[in-house]
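**Q** Following this line is entry_15.txt, made up of compact mmCIF, C-alpha atoms and all ligand atoms:
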# COMPACT_ATOMS: atom_id res chain seq x y z
CA MET A 1 -25.37 -63.64 32.73
CA LYS A 2 -27.75 -64.19 29.86
CA ILE A 3 -30.29 -67.02 29.93
CA ALA A 4 -32.12 -68.06 26.75
CA ILE A 5 -35.38 -70.03 26.93
CA ASP A 6 -36.76 -71.35 23.65
CA GLY A 7 -39.53 -73.80 22.90
CA PRO A 8 -42.86 -74.35 21.13
CA ALA A 9 -46.14 -72.55 21.84
CA ALA A 10 -47.56 -72.99 25.35
CA SER A 11 -44.52 -74.91 26.61
CA GLY A 12 -44.34 -72.66 29.71
CA LYS A 13 -41.57 -70.28 28.58
CA THR A 14 -43.23 -67.14 29.91
CA THR A 15 -44.23 -68.68 33.25
CA LEU A 16 -40.73 -70.05 33.78
CA GLY A 17 -38.99 -66.92 32.44
CA ARG A 18 -40.91 -64.52 34.67
CA ARG A 19 -40.34 -66.57 37.83
CA LEU A 20 -36.71 -67.26 37.03
CA ALA A 21 -35.95 -63.59 36.37
CA GLN A 22 -37.70 -62.65 39.61
CA ALA A 23 -35.74 -65.24 41.61
CA LEU A 24 -32.42 -64.06 40.14
CA GLY A 25 -33.15 -60.33 40.00
CA PHE A 26 -32.66 -60.29 36.20
CA LEU A 27 -34.64 -58.43 33.54
CA PHE A 28 -37.24 -60.66 31.84
CA VAL A 29 -37.77 -60.14 28.11
CA PRO A 30 -40.75 -62.07 26.66
CA THR A 31 -40.01 -61.83 22.94
CA GLY A 32 -43.24 -63.67 22.05
CA ALA A 33 -45.07 -60.68 23.53
CA MET A 34 -42.97 -58.40 21.32
CA TYR A 35 -44.08 -60.32 18.18
CA ARG A 36 -47.66 -60.06 19.48
CA ALA A 37 -47.24 -56.28 19.96
CA ALA A 38 -45.89 -56.07 16.38
CA ALA A 39 -49.01 -57.96 15.21
CA LEU A 40 -51.21 -55.50 17.09
CA ALA A 41 -49.34 -52.62 15.40
CA HIS A 42 -49.98 -54.31 12.04
CA LEU A 43 -53.72 -54.50 12.82
CA ARG A 44 -53.58 -50.76 13.53
CA GLY A 45 -52.06 -50.15 10.11
CA LEU A 46 -48.55 -49.25 11.32
CA SER A 47 -45.47 -50.36 9.42
CA ILE A 48 -42.74 -52.11 11.42
CA GLN A 49 -40.38 -49.15 10.92
CA GLU A 50 -42.84 -46.91 12.80
CA VAL A 51 -42.95 -49.29 15.72
CA GLU A 52 -41.04 -48.96 18.99
CA ILE A 53 -41.61 -51.85 21.40
CA THR A 54 -40.17 -51.83 24.89
CA VAL A 55 -40.40 -54.13 27.87
CA ALA A 56 -40.49 -52.58 31.34
CA GLU A 57 -38.83 -54.03 34.45
CA ASP A 58 -42.21 -55.44 35.56
CA GLY A 59 -42.66 -57.28 32.22
CA HIS A 60 -45.26 -54.91 30.78
CA VAL A 61 -44.98 -54.39 27.03
CA PHE A 62 -45.25 -50.94 25.47
CA LEU A 63 -46.10 -50.19 21.84
CA ASN A 64 -45.07 -46.65 20.90
CA GLY A 65 -45.38 -45.68 24.57
CA GLU A 66 -48.79 -47.34 25.19
CA ASP A 67 -49.06 -50.25 27.64
CA VAL A 68 -50.59 -53.01 25.48
CA THR A 69 -49.87 -55.98 27.80
CA ALA A 70 -53.52 -56.78 28.51
CA ALA A 71 -54.38 -56.96 24.78
CA LEU A 72 -51.67 -59.45 23.78
CA ALA A 73 -53.08 -62.83 24.89
CA SER A 74 -55.73 -63.62 22.31
CA PRO A 75 -56.23 -66.40 19.75
CA GLU A 76 -56.22 -63.73 17.00
CA LEU A 77 -52.76 -62.48 17.99
CA ASP A 78 -51.50 -66.09 18.53
CA GLU A 79 -52.12 -66.65 14.85
CA LEU A 80 -51.18 -63.25 13.39
CA SER A 81 -47.91 -62.98 15.35
CA SER A 82 -46.82 -66.37 14.01
CA ARG A 83 -47.70 -65.33 10.45
CA LEU A 84 -45.84 -62.02 10.74
CA ALA A 85 -42.81 -63.74 12.29
CA VAL A 86 -41.84 -65.20 8.89
CA ASP A 87 -41.18 -61.64 7.58
CA GLY A 88 -37.48 -60.75 7.52
CA ARG A 89 -38.11 -57.02 8.12
CA VAL A 90 -40.19 -57.74 11.23
CA ARG A 91 -37.57 -60.13 12.58
CA ALA A 92 -34.65 -57.78 11.89
CA ARG A 93 -36.39 -54.92 13.71
CA LEU A 94 -37.39 -57.04 16.72
CA VAL A 95 -33.99 -58.74 17.02
CA GLU A 96 -32.40 -55.28 17.07
CA LEU A 97 -34.76 -54.17 19.89
CA GLN A 98 -34.18 -57.43 21.79
CA ARG A 99 -30.39 -57.18 21.65
CA ARG A 100 -30.61 -53.57 22.78
CA LEU A 101 -32.68 -54.62 25.81
CA ALA A 102 -30.11 -57.29 26.72
CA GLN A 103 -27.06 -55.04 26.34
CA ASP A 104 -24.94 -54.85 29.51
CA ARG A 105 -27.72 -56.51 31.53
CA ASP A 106 -28.41 -59.79 33.23
CA VAL A 107 -31.43 -61.09 31.34
CA VAL A 108 -33.76 -64.02 30.97
CA MET A 109 -35.13 -63.90 27.42
CA GLU A 110 -37.75 -66.30 26.05
CA GLY A 111 -38.80 -67.00 22.45
CA ARG A 112 -38.06 -69.30 19.50
CA ASP A 113 -34.63 -68.12 18.28
CA ILE A 114 -32.99 -66.70 21.39
CA GLY A 115 -30.31 -69.37 21.80
CA THR A 116 -29.71 -69.68 18.04
CA VAL A 117 -29.94 -66.09 16.74
CA VAL A 118 -30.64 -63.33 19.27
CA LEU A 119 -28.23 -64.30 22.06
CA PRO A 120 -26.00 -67.06 20.64
CA ASP A 121 -23.45 -66.39 23.43
CA ALA A 122 -25.98 -66.86 26.26
CA GLU A 123 -24.33 -68.62 29.21
CA LEU A 124 -27.34 -70.91 29.71
CA LYS A 125 -29.76 -72.09 27.04
CA ILE A 126 -32.89 -74.05 27.86
CA PHE A 127 -35.13 -75.72 25.28
CA LEU A 128 -38.49 -76.15 27.00
CA TRP A 129 -40.78 -78.83 25.68
CA ALA A 130 -44.07 -80.61 26.52
CA THR A 131 -46.35 -82.88 24.50
CA LEU A 132 -48.85 -81.22 22.16
CA GLU A 133 -51.77 -82.51 24.29
CA GLU A 134 -50.34 -81.07 27.49
CA ARG A 135 -49.64 -77.73 25.84
CA ALA A 136 -53.19 -77.61 24.45
CA ARG A 137 -54.58 -78.33 27.95
CA ARG A 138 -52.49 -75.47 29.40
CA ARG A 139 -53.58 -73.02 26.68
CA GLN A 140 -57.24 -74.05 27.05
CA ARG A 141 -57.03 -73.39 30.80
CA GLU A 142 -55.70 -69.86 30.09
CA GLN A 143 -57.83 -68.85 27.11
CA GLY A 144 -60.81 -71.26 27.17
CA GLY A 145 -62.26 -72.56 23.87
CA ASP A 146 -62.82 -75.99 22.38
CA PHE A 147 -59.97 -78.43 23.15
CA ALA A 148 -59.73 -79.89 19.62
CA GLN A 149 -59.58 -76.39 18.10
CA VAL A 150 -56.99 -75.16 20.60
CA LEU A 151 -54.86 -78.24 19.88
CA GLU A 152 -55.11 -77.77 16.13
CA ALA A 153 -54.21 -74.06 16.36
CA ILE A 154 -51.08 -74.91 18.37
CA ARG A 155 -50.14 -77.72 15.98
CA GLN A 156 -50.36 -75.37 13.00
CA ARG A 157 -48.38 -72.66 14.79
CA ASP A 158 -45.66 -75.16 15.79
CA GLU A 159 -45.39 -76.26 12.19
CA ARG A 160 -45.15 -72.69 10.85
CA ASP A 161 -42.69 -71.59 13.55
CA SER A 162 -40.39 -74.55 13.04
CA THR A 163 -40.44 -74.83 9.26
CA ARG A 164 -40.05 -71.15 8.30
CA GLU A 165 -36.89 -70.17 6.47
CA LEU A 166 -35.71 -67.45 8.87
CA ALA A 167 -34.71 -68.31 12.45
CA PRO A 168 -36.97 -71.37 12.76
CA LEU A 169 -37.75 -72.84 16.16
CA ARG A 170 -35.02 -75.36 16.96
CA PRO A 171 -32.81 -76.13 19.92
CA ALA A 172 -29.35 -74.56 19.87
CA PRO A 173 -26.69 -77.32 19.82
CA ASP A 174 -25.63 -76.32 23.35
CA ALA A 175 -29.17 -76.06 24.80
CA VAL A 176 -30.40 -78.18 27.71
CA PHE A 177 -33.58 -80.00 26.64
CA LEU A 178 -36.22 -79.95 29.38
CA ASP A 179 -39.45 -81.95 29.05
CA THR A 180 -42.03 -80.29 31.32
CA THR A 181 -44.87 -82.76 30.62
CA GLY A 182 -46.50 -83.60 33.96
CA LYS A 183 -44.29 -81.15 35.87
CA SER A 184 -45.60 -78.18 37.85
CA PRO A 185 -44.20 -74.66 37.25
CA GLU A 186 -42.48 -74.91 40.67
CA GLU A 187 -40.72 -78.16 39.74
CA VAL A 188 -39.52 -76.67 36.46
CA LEU A 189 -38.26 -73.52 38.21
CA CYS A 190 -36.36 -75.64 40.77
CA LEU A 191 -34.71 -77.68 38.02
CA VAL A 192 -33.65 -74.55 36.13
CA LEU A 193 -32.35 -72.78 39.26
CA ARG A 194 -30.14 -75.83 39.80
CA LEU A 195 -28.86 -75.53 36.21
CA VAL A 196 -28.11 -71.83 36.80
CA GLU A 197 -26.08 -72.70 39.92
CA GLU A 198 -24.14 -75.39 38.04
CA ARG A 199 -23.45 -73.00 35.20
CA ARG A 200 -22.27 -70.25 37.56
CA ALA A 201 -19.96 -72.69 39.36
CA HIS A 202 -18.55 -73.84 36.02
CA LEU A 203 -17.99 -70.26 34.83
CA SER A 204 -16.27 -69.20 38.03
CA ARG A 205 -14.01 -72.31 37.97
CA ARG A 206 -13.07 -71.44 34.38
CA ALA A 207 -12.42 -67.77 35.28
CA SER A 208 -10.10 -68.69 38.16
CA ALA A 209 -8.21 -71.41 36.22
O1 LIG B 1 -44.37 -67.31 22.44
P1 LIG B 1 -45.63 -66.69 21.81
O2 LIG B 1 -46.69 -67.71 21.60
O3 LIG B 1 -46.11 -65.51 22.58
O4 LIG B 1 -45.14 -66.16 20.37
C1 LIG B 1 -46.04 -65.69 19.40
C2 LIG B 1 -45.46 -65.92 18.02
O5 LIG B 1 -44.34 -65.06 17.80
C3 LIG B 1 -44.94 -67.33 17.75
O6 LIG B 1 -45.94 -68.17 17.21
C4 LIG B 1 -43.80 -67.13 16.79
C5 LIG B 1 -43.34 -65.73 17.04
N1 LIG B 1 -42.06 -65.65 17.75
C6 LIG B 1 -40.91 -65.78 16.99
O7 LIG B 1 -40.97 -66.02 15.80
N2 LIG B 1 -39.69 -65.60 17.58
C7 LIG B 1 -39.59 -65.36 18.89
N3 LIG B 1 -38.38 -65.19 19.44
C8 LIG B 1 -40.76 -65.26 19.69
C9 LIG B 1 -41.99 -65.43 19.09
Will you turn the file into structure tokens for me?

**A**
Amino acid sequence: MKIAIDGPAASGKTTLGRRLAQALGFLFVPTGAMYRAAALAHLRGLSIQEVEITVAEDGHVFLNGEDVTAALASPELDELSSRLAVDGRVRARLVELQRRLAQDRDVVMEGRDIGTVVLPDAELKIFLWATLEERARRRQREQGGDFAQVLEAIRQRDERDSTRELAPLRPAPDAVFLDTTGKSPEEVLCLVLRLVEERRAHLSRRASA
């Protein structure tokens, strides 16, 4: 089974994805972290063709064999990863790596274009959403900083990610829209586990029909 989670910045995709994958025993692939690792490679002067990014079973992200997980959550990489993500060569390379990771595996993959481009045949697609204010509060809790600035940075990133020409952020037509505003991570996980059960029941009814 493949589960795609898409949504805007700080909507809770990584928190949900990690917990969901753990609960189901699936591999978790945080593709946002892969774009961040590509941005880090760019800062180090590497071209995308020289870059190998892998995600380990425990969610750690490796850039050419080096564990870079701890360096990925920073306002600088928030911004640069979103800027680099408009580049067709970067996207083509990362989509290739992402599909390879998902091959013949049960996966939970989070990002912006998973349900639309990377895994269009995913059995369950979730579009995770929360208001801009709530997402800014969540990001400020994680990274600190001035609330108005955090909010503005997220607003700009949302705009860039959803208006770019290639694989813009948008819900797949068959995605389930989930508004997480005011909901705890546990509530969201419970809701999604219920959707997984429903989907599994539907698939097994179809297989035995
Ligand atoms: O989810 P995130 O904030 O870690 O993602 C960082 C940036 O990477 C995001 O602003 C846009 C880009 N991205 C993308 O274009 N496609 C994806 N599947 C995942 C992330």

**Q** Just want the 6 Å neighbourhood of range 80-93 of chain A, counted on only C-alpha atoms, with same-chain residues fewer than 2 positions away dropped. Output as a list in words.

**A**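 In the requested format, the answer is Tyr35, Arg36, Ala39, Leu77, Asp78, Val95 and Glu96 of chain A.
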
**Q** Print the selection's residues with C-alpha atoms to a file, as a PDB file, keeping the file's coordinate frame.

**A**
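This went into out-v1.pdb:
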ATOM      1  CA  TYR A  35     -44.080 -60.320  18.180  1.00  0.00           C
ATOM      2  CA  ARG A  36     -47.660 -60.060  19.480  1.00  0.00           C
ATOM      3  CA  ALA A  39     -49.010 -57.960  15.210  1.00  0.00           C
ATOM      4  CA  LEU A  77     -52.760 -62.480  17.990  1.00  0.00           C
ATOM      5  CA  ASP A  78     -51.500 -66.090  18.530  1.00  0.00           C
ATOM      6  CA  VAL A  95     -33.990 -58.740  17.020  1.00  0.00           C
ATOM      7  CA  GLU A  96     -32.400 -55.280  17.070  1.00  0.00           C
TER       8      GLU A  96
END

**Q** Could you tell me how far atom C1 of ligand LIG 1 (chain B) lies from CA of Gly65 in chain A, in Å and to one decimal?

**A**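 That distance, rounded to one decimal, is 20.7 Å.
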
**Q** CA of Leu178 in chain A and CA of Glu197 in chain A, how far apart in Å?

**A** 16.3 Å

**Q** Would you give the centre and edge lengths, in Å to one decimal, of a box along x, y and z around the listed atoms of ligand LIG 1 (chain B), with 8 Å added to each side, as JSON?

**A**
{"center_x": -42.5, "center_y": -66.6, "center_z": 19.2, "size_x": 24.3, "size_y": 19.1, "size_z": 22.8}

**Q** Just checking: using only C-alpha atoms, which residue out of A:Met1, A:Thr163, A:Trp129, A:Arg139 ends up closest to Leu203 in chain A?

**A**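 Looking only at the distances to Leu203 in chain A, the closest residue turns out to be A:Met1.
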
**Q** Given the choices A:Gln22, A:Gln156, A:Gln140, A:Gln103, which gets closest to ligand LIG 1 (chain B) if the distance is worked out from all atoms listed in the file?

**A**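 With all atoms listed in the file as the atom set, the closest residue is A:Gln156.
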
**Q** Would you work out the distance separating CA of Ile53 in chain A from CA of Thr31 in chain A, expressed in Å to one decimal?

**A**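 Going from CA of Ile53 in chain A over to CA of Thr31 in chain A, I get 10.2 Å.
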
**Q** Check the smallest atom-to-atom distance from each of A:Asp174, A:Asp161, A:Asp106, A:Asp67 to ligand LIG 1 (chain B) using all atoms listed in the file, then report the winner.

**A**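 Looking at the shortest contact to ligand LIG 1 (chain B), the residue is A:Asp161.
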
**Q** Between A:Glu123, A:Glu76, A:Asp113, A:Asp158, which is the closest to Val196 in chain A once you count only C-alpha atoms?

**A** A:Glu123
